[in-house]
Structures are given as C-alpha cells and as structure tokens.
Amino acid sequence: MKAVAVLASGQGTNLQSLLDRASQPDYPARVRLVVSDCGNAAALERGRRAGVETLCLDPALYGNRDAYDESLVDMWQRRGIDLVCLAGFMRMLGPRAVLPFQHRILNIHPSLLPAFPGLNAQAQAVACGVKVSGATVHFVDLGMDTGPIVWQEAVSVYPEDDEISLGRRILEVEHSIYPRAVELWARNRLVIQGRRVYIK
Ligand code: GRF
C-alpha cells in the first residue's frame, strides 16, 4: 500500500476525489497527509473530516524557498510518504523538493499541456479560441507545468463558454483522471523514458 501526501492551497475538490477513491479497499494507495500553505484552505478541512493528518506550512515563517522545500521533504520522509500529489498547490516546488522526490511528485493541470501552462489555464483557453482543452496529470520537474505527461483527457470548448463554465467541466474530468493516474503509479505501471511515460 502506497502512502500519498496531497498538497493543496484551495477548495480541495481534487484532494476529495483522491480521498474518496483511496478509501476503497481495492485501491493501492492511501492519503496519509494533507499539507497546505494556507491556514484557511478548505482542503485542510476535507483532510480532517477524512481523518487524515493535516498540516499548514506558512511560507512567511521560512526565510526562502529552499528552506520551505527542505521542510516539506523532511515531513514527507518522516512519514514514509511514497508519492506526493499537487492538487491546486499555488507554490512552485524548487530543486530541494523536486530532486529528492524525482518521479514521485504528480501535478494536475487544467489544460492539455503543453498548451496554457501557468495560472488561469481555463481563461487562456477561452481567450485563445481553442475548440478543445482538457486536463493533464504530469510528473513534476523543475519547470512550470513541464514534466513528463502521464494522462490527458480532452474537453470540448463551446462558443458560449467562459472560464467558469469551461473550468467546471474540466474539473469533472480532473476528478476522474487524477485517481486513475495515482493508481497506475501505485501499481508500478508507469515507465518513464525521458519525456515519455509508458503505461504497462
Ligand atoms: C484545479 O483546476 C487543478 O487543475 C489546478 O488547481 C485547481 C485545484 O482545484 N492545479 P481544487 O482545489 O482541487 O478544487
């Protein structure tokens, strides 16, 4: 059974989808830790309600990003965390966090990467006039939403869409693909070769 830490800054609906799926007996991973950089994140309440350990790490209490990231890794290692899932975590992780956990940190992003990385991906898609957007689960590397792609699913963009309506439909897809990607990882079915991720 793999131990998962979820990092979230906001409402935590992706965290919820992982908590729900991971509470089922046939699932090969359990959420053991929820971390937020924001004390009033709804994600922390979701974690508490599910009986999972929750922690808030306030960046203001750390001198710099390296110190913050080292403390994250220390926390993961002390608890025997196998996999870290970023789920709306609004801080970029630097080398002190990413390198010790290489290929063990996943992120979910609300676009079909490499299109529309960074903030407000749904608004970027609407503004650009694309007909199709979607969601991506990828490994985290040192770039902004650039790591090897594990899973993507497309969502149609309709003429009447705004970022809210599109975001809602993308979020539904996120809730289905993130737990599936975590399951593939936990069952050792992901083989990473350079930028490519093969599913065994
Ligand atoms: C999601 O759209 C995710 O793709 C992005 O941040 C949002 C988090 O939503 N990285 P939630 O907090 O999981 O509801």
# chains A, B, ... in the order shown; residues from 1 in each chain; ligands from 1
$ residues_near_ligand --ligand "ligand 1" --cutoff "9 Å" --atoms "only C-alpha atoms and all ligand atoms" --output "ChimeraX atom specification"
/A:8-17,41-43,86-90,107-111,118-122,135-137,167-168,170-171,174-175
$ write_last_selection --atoms "N, CA, C and O atoms" --output "tab-separated table (two decimals), in the first residue's frame"
chain	number	residue	atom	x	y	z
A	8	ALA	N	-2.33	21.11	-1.20
A	8	ALA	CA	-3.42	21.88	-1.80
A	8	ALA	C	-3.52	23.24	-1.12
A	8	ALA	O	-3.34	23.34	0.10
A	9	SER	N	-3.82	24.26	-1.90
A	9	SER	CA	-3.95	25.60	-1.33
A	9	SER	C	-5.40	26.07	-1.23
A	9	SER	O	-5.67	27.08	-0.60
A	10	GLY	N	-6.31	25.37	-1.92
A	10	GLY	CA	-7.65	25.95	-2.08
A	10	GLY	C	-8.78	25.05	-1.65
A	10	GLY	O	-8.74	24.42	-0.60
A	11	GLN	N	-9.76	24.97	-2.56
A	11	GLN	CA	-11.00	24.27	-2.18
A	11	GLN	C	-10.82	22.76	-2.03
A	11	GLN	O	-11.56	22.12	-1.28
A	12	GLY	N	-9.86	22.18	-2.73
A	12	GLY	CA	-9.52	20.79	-2.47
A	12	GLY	C	-10.48	19.77	-3.06
A	12	GLY	O	-10.61	18.67	-2.53
A	13	THR	N	-11.10	20.08	-4.21
A	13	THR	CA	-12.00	19.07	-4.77
A	13	THR	C	-11.20	17.90	-5.37
A	13	THR	O	-11.66	16.76	-5.35
A	14	ASN	N	-10.02	18.18	-5.89
A	14	ASN	CA	-9.18	17.06	-6.36
A	14	ASN	C	-8.70	16.21	-5.18
A	14	ASN	O	-8.65	14.98	-5.28
A	15	LEU	N	-8.33	16.88	-4.10
A	15	LEU	CA	-8.00	16.12	-2.89
A	15	LEU	C	-9.17	15.20	-2.53
A	15	LEU	O	-8.97	14.02	-2.24
A	16	GLN	N	-10.39	15.74	-2.58
A	16	GLN	CA	-11.56	14.94	-2.22
A	16	GLN	C	-11.70	13.72	-3.12
A	16	GLN	O	-12.01	12.62	-2.65
A	17	SER	N	-11.44	13.92	-4.42
A	17	SER	CA	-11.58	12.77	-5.33
A	17	SER	C	-10.53	11.70	-4.98
A	17	SER	O	-10.81	10.50	-5.07
A	41	ALA	N	-7.41	27.06	4.05
A	41	ALA	CA	-7.79	26.30	2.85
A	41	ALA	C	-8.85	25.26	3.20
A	41	ALA	O	-8.71	24.53	4.19
A	42	ALA	N	-9.90	25.21	2.39
A	42	ALA	CA	-10.95	24.21	2.61
A	42	ALA	C	-10.38	22.80	2.51
A	42	ALA	O	-10.90	21.86	3.11
A	43	ALA	N	-9.29	22.66	1.78
A	43	ALA	CA	-8.65	21.34	1.64
A	43	ALA	C	-8.26	20.77	3.01
A	43	ALA	O	-8.39	19.57	3.25
A	86	LEU	N	0.29	17.13	-6.07
A	86	LEU	CA	-0.06	18.53	-6.01
A	86	LEU	C	-1.47	18.66	-6.57
A	86	LEU	O	-1.77	18.17	-7.66
A	87	ALA	N	-2.33	19.31	-5.80
A	87	ALA	CA	-3.72	19.44	-6.23
A	87	ALA	C	-4.15	20.87	-5.95
A	87	ALA	O	-4.73	21.17	-4.90
A	88	GLY	N	-3.80	21.76	-6.88
A	88	GLY	CA	-4.11	23.16	-6.65
A	88	GLY	C	-3.20	23.78	-5.61
A	88	GLY	O	-3.61	24.62	-4.83
A	89	PHE	N	-1.94	23.34	-5.58
A	89	PHE	CA	-0.94	23.91	-4.66
A	89	PHE	C	-0.32	25.10	-5.37
A	89	PHE	O	0.26	24.95	-6.46
A	90	MET	N	-0.47	26.29	-4.79
A	90	MET	CA	-0.16	27.51	-5.53
A	90	MET	C	1.29	27.97	-5.40
A	90	MET	O	1.60	29.13	-5.67
A	107	ASN	N	1.32	16.30	-10.58
A	107	ASN	CA	0.52	17.52	-10.55
A	107	ASN	C	-0.65	17.34	-11.51
A	107	ASN	O	-0.55	16.59	-12.49
A	108	ILE	N	-1.74	18.05	-11.23
A	108	ILE	CA	-2.85	18.09	-12.18
A	108	ILE	C	-3.01	19.52	-12.65
A	108	ILE	O	-2.93	20.46	-11.86
A	109	HIS	N	-3.21	19.65	-13.97
A	109	HIS	CA	-3.28	20.99	-14.56
A	109	HIS	C	-4.51	21.07	-15.47
A	109	HIS	O	-4.77	20.14	-16.25
A	110	PRO	N	-5.25	22.19	-15.42
A	110	PRO	CA	-6.50	22.27	-16.17
A	110	PRO	C	-6.34	22.72	-17.63
A	110	PRO	O	-7.02	23.66	-18.08
A	111	SER	N	-5.47	22.06	-18.36
A	111	SER	CA	-5.38	22.27	-19.82
A	111	SER	C	-4.69	21.05	-20.40
A	111	SER	O	-4.16	20.21	-19.66
A	118	GLY	N	0.84	27.40	-16.45
A	118	GLY	CA	0.77	28.52	-15.50
A	118	GLY	C	-0.64	28.79	-15.03
A	118	GLY	O	-1.52	27.93	-15.08
A	119	LEU	N	-0.85	30.03	-14.60
A	119	LEU	CA	-2.13	30.40	-13.97
A	119	LEU	C	-3.24	30.59	-15.00
A	119	LEU	O	-2.97	30.89	-16.17
A	120	ASN	N	-4.47	30.43	-14.56
A	120	ASN	CA	-5.67	30.75	-15.35
A	120	ASN	C	-5.71	30.04	-16.70
A	120	ASN	O	-6.01	30.65	-17.73
A	121	ALA	N	-5.40	28.75	-16.68
A	121	ALA	CA	-5.35	27.99	-17.93
A	121	ALA	C	-6.70	27.98	-18.64
A	121	ALA	O	-6.77	28.00	-19.87
A	122	GLN	N	-7.78	27.95	-17.86
A	122	GLN	CA	-9.11	27.91	-18.47
A	122	GLN	C	-9.39	29.23	-19.20
A	122	GLN	O	-9.92	29.23	-20.31
A	135	ALA	N	-7.56	18.32	-19.38
A	135	ALA	CA	-6.80	18.23	-18.13
A	135	ALA	C	-5.62	17.30	-18.33
A	135	ALA	O	-5.68	16.36	-19.14
A	136	THR	N	-4.56	17.56	-17.59
A	136	THR	CA	-3.32	16.78	-17.70
A	136	THR	C	-2.81	16.40	-16.31
A	136	THR	O	-2.76	17.25	-15.43
A	137	VAL	N	-2.44	15.14	-16.16
A	137	VAL	CA	-1.67	14.74	-14.98
A	137	VAL	C	-0.23	14.51	-15.45
A	137	VAL	O	-0.01	13.81	-16.44
A	167	GLY	N	-14.14	25.72	-16.85
A	167	GLY	CA	-13.42	25.22	-15.68
A	167	GLY	C	-14.21	24.14	-14.95
A	167	GLY	O	-13.64	23.17	-14.47
A	168	ARG	N	-15.53	24.31	-14.90
A	168	ARG	CA	-16.37	23.33	-14.22
A	168	ARG	C	-16.28	21.97	-14.92
A	168	ARG	O	-16.14	20.93	-14.30
A	170	ILE	N	-13.91	20.94	-16.95
A	170	ILE	CA	-12.55	20.39	-16.84
A	170	ILE	C	-12.36	19.75	-15.46
A	170	ILE	O	-11.77	18.67	-15.34
A	171	LEU	N	-12.88	20.41	-14.44
A	171	LEU	CA	-12.72	19.89	-13.08
A	171	LEU	C	-13.33	18.50	-12.94
A	171	LEU	O	-12.75	17.63	-12.28
A	174	GLU	N	-10.88	16.20	-14.26
A	174	GLU	CA	-9.75	16.09	-13.32
A	174	GLU	C	-10.05	15.05	-12.24
A	174	GLU	O	-9.19	14.24	-11.89
A	175	HIS	N	-11.28	15.12	-11.72
A	175	HIS	CA	-11.64	14.21	-10.62
A	175	HIS	C	-11.63	12.75	-11.05
A	175	HIS	O	-11.51	11.87	-10.22
$ residues_around --residues "Leu33 of chain A" --least-positions-apart "5" --cutoff "9 Å" --atoms "only C-alpha atoms" --output "number ranges by chain"
A: 3-7, 47, 52-55, 76, 79, 81
$ select_by_dssp --residues "segment 30-189 of chain A" --states "alpha helix (DSSP H)" --output "number ranges by chain"
A: 42-49, 65-78, 95-98, 121-128, 163-186
$ closest_residue --among "A:Asp74, A:Asp37, A:Leu106, A:Ile164" --to "Ala186 of chain A" --atoms "only C-alpha atoms"
A:Leu106
$ atom_distance --atom1 "atom CA of Ala29 of chain A" --atom2 "atom CA of Val182 of chain A"
7.9 Å
$ atom_distance --atom1 "atom CA of Ser133 of chain A" --atom2 "atom CA of Leu19 of chain A"
25.9 Å
$ closest_residue --among "A:Val150, A:Ala125, A:Glu163, A:Val34" --to "Arg189 of chain A" --atoms "only C-alpha atoms"
A:Val150
